[in-house]
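The next block holds one structure in the form of structure tokens; read it before the comments.
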Amino acid sequence: MKKLLFALFVTCAALSSLAVAMDLPDVGKFASCGYCGMDRGKFAASRMLITYNDGAEAGLCSLHCAAVDLANQLDKMPDAIQVADYNSKTLMNAEEAAWVVGGDEKGVMTKRAKWAFAAKADAESFVTAHGGEVVDFEKAVKAAYEDMYQDTLMIRNKRREMREMKMKEGAGAMGHGK
């Protein structure tokens with residue numbers, strides 16, 4: 001029975017990921033973030049897509065990873081920087097979005113969340129419910145760079161903890177076979 005439930009769960013998860021990818025063409029093209037490997041469908045509300053003047057594109061999970069990409073691609077000029085609207089998950093021009101920095105909603109790849117909204121009224125409603133501050137794109141990007149060291153440290157620590165847990169689980173499984 002457990003195997004049947006697990007198989008059903010896996011099938012449902014796969015189908016929901018497929019449905020997200022079908023509704024979000026950029027997720028079909030860039031399923032995972034180019035920097036951290038996170039599933040862009042799962043994090044559709046924070047995903048970004050950068051198109052450079054040479055035609056190259058970068059599919060990213062968050063403003064954190066987009067800031068990393070922009071810093072690494074100094075010789076390229078972005079033609080378009082798109083971000084998902086937090087509510088609809090539809091891509092829009094990141095520079096025209098109303099951004100919320102901070103608040104109690106857990107961020108993606110960051111301790112201090114950064115969310116984009118197509119309508120300023122939606123951003124203000126979010127701030128009323130969750131806290132934070134409504135800012136423009138430049139201030140959101142500046143916040144991403146200001147947070148970069150602490151966020152990178154947090155990510156490294158989480159990954160180290162995950163590796164240590166896997167090693168302990170593996171050691172425990174080997175001990176049971178004796």
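Starting from 1 in every chain, residues are counted up; chains themselves are A, B, ... following the order of the structure tokens, and ligands are numbered from 1 as listed.
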Can you list, as a ChimeraX atom specification, all residues belonging to range 17-79 of chain A that DSSP tags as alpha helix (DSSP H)? /A:17-23,25-29,63-72
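Note that the spacing between CA of Gly37 in chain A and CA of Thr90 in chain A amounts to 20.8 Å.
Nearest residue to Asp85 in chain A, choosing from A:Ala71, A:Cys61, A:Ala45, A:Val141 and counting only C-alpha atoms: A:Ala45.
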Within 12 Å of Leu63 in chain A, counting only C-alpha atoms, which residues show up once you throw out same-chain ones fewer than 3 positions away? Write them as a PyMOL selection string, please. chain A and resi 33+35+43+45-50+59-60+66-70+81-84+94+99-101+107-110+112-116+137-145+147-148+151
